[in-house]
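Data block below; observations after.
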Amino acid sequence: MSFVFAVPEPVSLAIEGSAERFAVRRIFCVGRNYAAHAAEMGGEVDREAPFYFTKSAHAVLEGDIMPYPAGTEDLHHEVELVVALGEGGAVWGHAVGLDMTRRDLQAAAKDKRRPWDTGKDFEGSAIIGALRPGPLPAGGRIALDVNGARRQEAPLTDMVWDVPSLLEHLGGLYSLAAGDILMTGTPAGVGAVRPGDRLKASVTGLAPLAVTIGPPGRAPQDRTSTR
């Protein structure tokens with residue numbers, strides 16, 4: 001089979017202690033899954049059912065530099081627990097992640113009752129650390145520091161919808177499969193970052209994630225194969 005253009009390499013994530021990679025299929029993100037964050041954004045938690053938005057695989061960024069994205073003057077951090085799914089949509093592993101958000105574009109879309117795509121789904125907006133296979137230890141906490149100062153922190157038990165509940169609900173809407181990623185929402189304390197800011201994200205039991213906001217530019221997208 002031949003193609004008009006070179007076929008992109010699969011987007012993938014590092015796995016702790018392994019030379020193998022985790023190929024990313026889709027990214028689902030949970031909105032307003034911490035009540036305090038929903039309140040700080042002027043909204044309420046929907047306790048009838050969780051809601052979702054998506055990011056394309058091209059949003060994944062590995063590495064320690066995120067170029068400040070085009071089209072925004074209000075880039076926000078949102079630290080999240082990331083769940084990686086294996087065969088049959090079962091939990092395969094976990095990582096720390098950052099759902100980076102062009103907040104001004106998201107707010108404009110909300111005001112006009114339009115989709116959030118330009119605010120949420122852009123190159124480099126899903127920063128994900130190394131995956132750790134297996135279950136997550138109980139009693140964990142999630143946190144984010146910016147330039148050494150704590151911005152976000154909460155116990156994972158503050159999630160309105162826990163991971164099993166999210167997967168049960170999401171599995172009723174999509175055929176979940178190996179390679180799917182779930183970003184489970186962010187606690188209160190989201191805020192703006194600028195070029196030069198250093199972000200350090202953590203979840204108990206997982207490898208920490210550190211990234212610096214770089215000058216304006218484009219996130220690396222050289223995933224093209226000439227096979």
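Identifiers in this document derive from the order of the structure tokens: chains are assigned A, B, ..., residues are numbered from 1 separately in each chain, and ligands are numbered from 1 in order of occurrence.
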
Write down as an NGL selection string the residues belonging to stretch 109-145 of chain A that are assigned helix (DSSP H, G or I) by DSSP computed on the backbone.
:A and (109-111 or 117-120)

Mind dumping the selected residues with C-alpha atoms as a short mmCIF file (atom, residue, chain, number, x, y, z; two decimals), in the first residue's frame?
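Ended up saving to part11.cif:
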data_model
loop_
_atom_site.label_atom_id
_atom_site.label_comp_id
_atom_site.auth_asym_id
_atom_site.auth_seq_id
_atom_site.Cartn_x
_atom_site.Cartn_y
_atom_site.Cartn_z
CA ALA A 109 -15.95 29.76 23.24
CA LYS A 110 -18.01 29.31 26.41
CA ASP A 111 -19.51 32.79 26.05
CA ASP A 117 -11.35 22.83 20.82
CA THR A 118 -9.12 25.87 20.26
CA GLY A 119 -8.75 26.37 24.00
CA LYS A 120 -7.95 22.76 24.85
#

Determine which residues of chain A receive a DSSP assignment of strand (DSSP E), computed from the backbone, and state them as a PyMOL selection string.
chain A and resi 7-8+12-14+21-23+26-31+51-55+60-61+65-68+75-77+79-85+91-99+101-102+126-128+132-133+141-146+149-155+180-183+191-192+198-203+209-216+224-225

For stretch 55-57 of chain A, list every protein, DNA or RNA residue within 12 Å, evaluated using only C-alpha atoms, and leave out those in the same chain fewer than 4 positions away; present the list as a PDB file with C-alpha atoms, in the first residue's frame.
ATOM      1  CA  PRO A   8       3.466   9.804  10.707  1.00  0.00           C
ATOM      2  CA  GLU A   9       5.053   7.711  13.415  1.00  0.00           C
ATOM      3  CA  PRO A  10       2.598   6.706  16.163  1.00  0.00           C
ATOM      4  CA  VAL A  11       2.454   9.131  19.073  1.00  0.00           C
ATOM      5  CA  SER A  12       3.808   7.304  22.115  1.00  0.00           C
ATOM      6  CA  LEU A  13       4.751   7.725  25.753  1.00  0.00           C
ATOM      7  CA  ALA A  23       1.263   4.032  21.641  1.00  0.00           C
ATOM      8  CA  VAL A  24      -1.438   6.672  22.169  1.00  0.00           C
ATOM      9  CA  ARG A  25      -4.770   6.104  20.438  1.00  0.00           C
ATOM     10  CA  ARG A  26      -7.121   8.777  21.845  1.00  0.00           C
ATOM     11  CA  ILE A  27      -7.191  11.231  24.746  1.00  0.00           C
ATOM     12  CA  PHE A  28     -10.348  11.761  26.789  1.00  0.00           C
ATOM     13  CA  CYS A  29     -10.403  14.548  29.391  1.00  0.00           C
ATOM     14  CA  VAL A  30     -12.871  14.892  32.274  1.00  0.00           C
ATOM     15  CA  LEU A  61       4.269  16.643  24.509  1.00  0.00           C
ATOM     16  CA  ASP A  99      -3.801  19.772  30.624  1.00  0.00           C
ATOM     17  CA  MET A 100      -2.502  23.110  29.321  1.00  0.00           C
ATOM     18  CA  THR A 101      -5.317  25.481  28.392  1.00  0.00           C
ATOM     19  CA  TRP A 116     -13.664  24.286  23.460  1.00  0.00           C
ATOM     20  CA  ASP A 117     -11.345  22.826  20.819  1.00  0.00           C
ATOM     21  CA  THR A 118      -9.120  25.868  20.256  1.00  0.00           C
ATOM     22  CA  GLY A 119      -8.747  26.374  24.003  1.00  0.00           C
ATOM     23  CA  LYS A 120      -7.952  22.762  24.849  1.00  0.00           C
ATOM     24  CA  ASP A 121      -6.776  20.792  21.804  1.00  0.00           C
ATOM     25  CA  PHE A 122      -3.541  22.241  20.433  1.00  0.00           C
ATOM     26  CA  GLU A 123       0.044  21.109  19.948  1.00  0.00           C
ATOM     27  CA  GLY A 124       1.794  20.473  23.247  1.00  0.00           C
ATOM     28  CA  SER A 125      -1.328  20.877  25.389  1.00  0.00           C
ATOM     29  CA  ALA A 126      -1.184  17.337  26.843  1.00  0.00           C
ATOM     30  CA  ILE A 127       2.103  17.081  28.717  1.00  0.00           C
ATOM     31  CA  ILE A 128       2.401  13.539  30.074  1.00  0.00           C
ATOM     32  CA  GLY A 179      -3.830   3.058  23.767  1.00  0.00           C
ATOM     33  CA  ASP A 180      -6.678   5.221  25.036  1.00  0.00           C
ATOM     34  CA  ILE A 181      -5.742   7.851  27.624  1.00  0.00           C
ATOM     35  CA  LEU A 182      -7.975   9.376  30.304  1.00  0.00           C
ATOM     36  CA  MET A 183      -7.032  12.684  31.941  1.00  0.00           C
ATOM     37  CA  GLN A 221       5.856  17.508  15.813  1.00  0.00           C
ATOM     38  CA  ARG A 223       6.909  12.192  13.958  1.00  0.00           C
TER      39      ARG A 223
END

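Neighbouring residues of A:Ala178 at 10 Å or closer, counting only C-alpha atoms and skipping chain neighbours under 6 positions away, are A:Phe22, A:Ala23, A:Val24, A:Arg25, A:Arg26, A:Ala84, A:Leu85, A:Gly86, A:Glu87, A:Gly88, A:Gly89, A:Ala90, A:Val91, A:Trp92.
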
Keeping only C-alpha atoms, write the selected residues as a compact mmCIF listing (two decimals), in the first residue's frame.
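What follows is the written file result.txt:
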# COMPACT_ATOMS: atom_id res chain seq x y z
CA PHE A 22 2.99 3.10 24.92
CA ALA A 23 1.26 4.03 21.64
CA VAL A 24 -1.44 6.67 22.17
CA ARG A 25 -4.77 6.10 20.44
CA ARG A 26 -7.12 8.78 21.84
CA ALA A 84 -3.55 4.64 30.38
CA LEU A 85 -5.78 1.85 29.12
CA GLY A 86 -4.78 -1.58 27.87
CA GLU A 87 -6.62 -4.45 26.22
CA GLY A 88 -10.38 -4.29 26.61
CA GLY A 89 -10.17 -0.79 28.04
CA ALA A 90 -8.80 -2.00 31.38
CA VAL A 91 -6.43 0.16 33.40
CA TRP A 92 -2.85 -0.52 32.28

List every residue of stretch 94-116 of chain A that has an atom at most 10 Å from any atom of stretch 185-204 of chain A, giving for each one its closest atom pair and the distance in Å to one decimal, counting only C-alpha atoms, sorted by chain and then by ascending residue number, as CSV.
residue,atom,partner,partner_atom,distance
A:His94,CA,A:Val203,CA,9.6
A:Ala95,CA,A:Val203,CA,7.9
A:Val96,CA,A:Ser202,CA,6.2
A:Gly97,CA,A:Ala201,CA,7.5
A:Leu98,CA,A:Ala201,CA,7.8
A:Asp99,CA,A:Thr186,CA,8.3
A:Met100,CA,A:Val193,CA,9.8
A:Thr101,CA,A:Ala192,CA,9.2
A:Arg102,CA,A:Ala192,CA,9.4
A:Arg103,CA,A:Ala192,CA,8.5

Given the selection you just returned, output its residues as a file containing C-alpha atoms, formatted as a PDB file, in the first residue's frame.
ATOM      1  CA  HIS A  94      -0.796   5.794  35.319  1.00  0.00           C
ATOM      2  CA  ALA A  95       1.204   8.987  34.904  1.00  0.00           C
ATOM      3  CA  VAL A  96       1.235  12.629  35.931  1.00  0.00           C
ATOM      4  CA  GLY A  97      -0.044  15.030  33.295  1.00  0.00           C
ATOM      5  CA  LEU A  98      -0.726  18.671  32.550  1.00  0.00           C
ATOM      6  CA  ASP A  99      -3.801  19.772  30.624  1.00  0.00           C
ATOM      7  CA  MET A 100      -2.502  23.110  29.321  1.00  0.00           C
ATOM      8  CA  THR A 101      -5.317  25.481  28.392  1.00  0.00           C
ATOM      9  CA  ARG A 102      -5.583  28.635  26.308  1.00  0.00           C
ATOM     10  CA  ARG A 103      -8.003  30.066  28.869  1.00  0.00           C
TER      11      ARG A 103
END

Quick one: pull the distance between atom CA of A:Leu176 and atom CA of A:His37, Å, one decimal.
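Answer for the atom CA of A:Leu176 to atom CA of A:His37 separation: 27.1 Å.
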
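Atom CA of A:Glu78 to atom CA of A:Arg218 spans 19.9 Å [interatomic distance, one decimal].
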
Option closest in space to A:Val60, from A:Leu173, A:Val163, A:Leu156, A:Ala14 [counting only C-alpha atoms]
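So, comparing all the options, the nearest one is A:Ala14.
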
Would you compute the distance between atom CA of A:Glu48 and atom CA of A:Ser175? Give it in Å to one decimal.
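Between atom CA of A:Glu48 and atom CA of A:Ser175 the gap works out to 21.5 Å.
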
Between A:Ala19, A:Gly43, A:Leu131, A:Thr72, which one has atoms that come closest to A:Ala207, using only C-alpha atoms?
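Closest to A:Ala207 of all the choices is A:Leu131.
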
Which one of A:Asp145, A:Asp64, A:Glu20, A:Glu40 sits closest to A:His77 if you count only C-alpha atoms?
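Closest candidate: A:Asp145.
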
Please provide as a VMD selection string all residues within 8 Å of stretch 16-18 of chain A, with the sequence filter that same-chain residues fewer than 3 positions apart are discarded (counting only C-alpha atoms).
chain A and resid 21 130 to 133
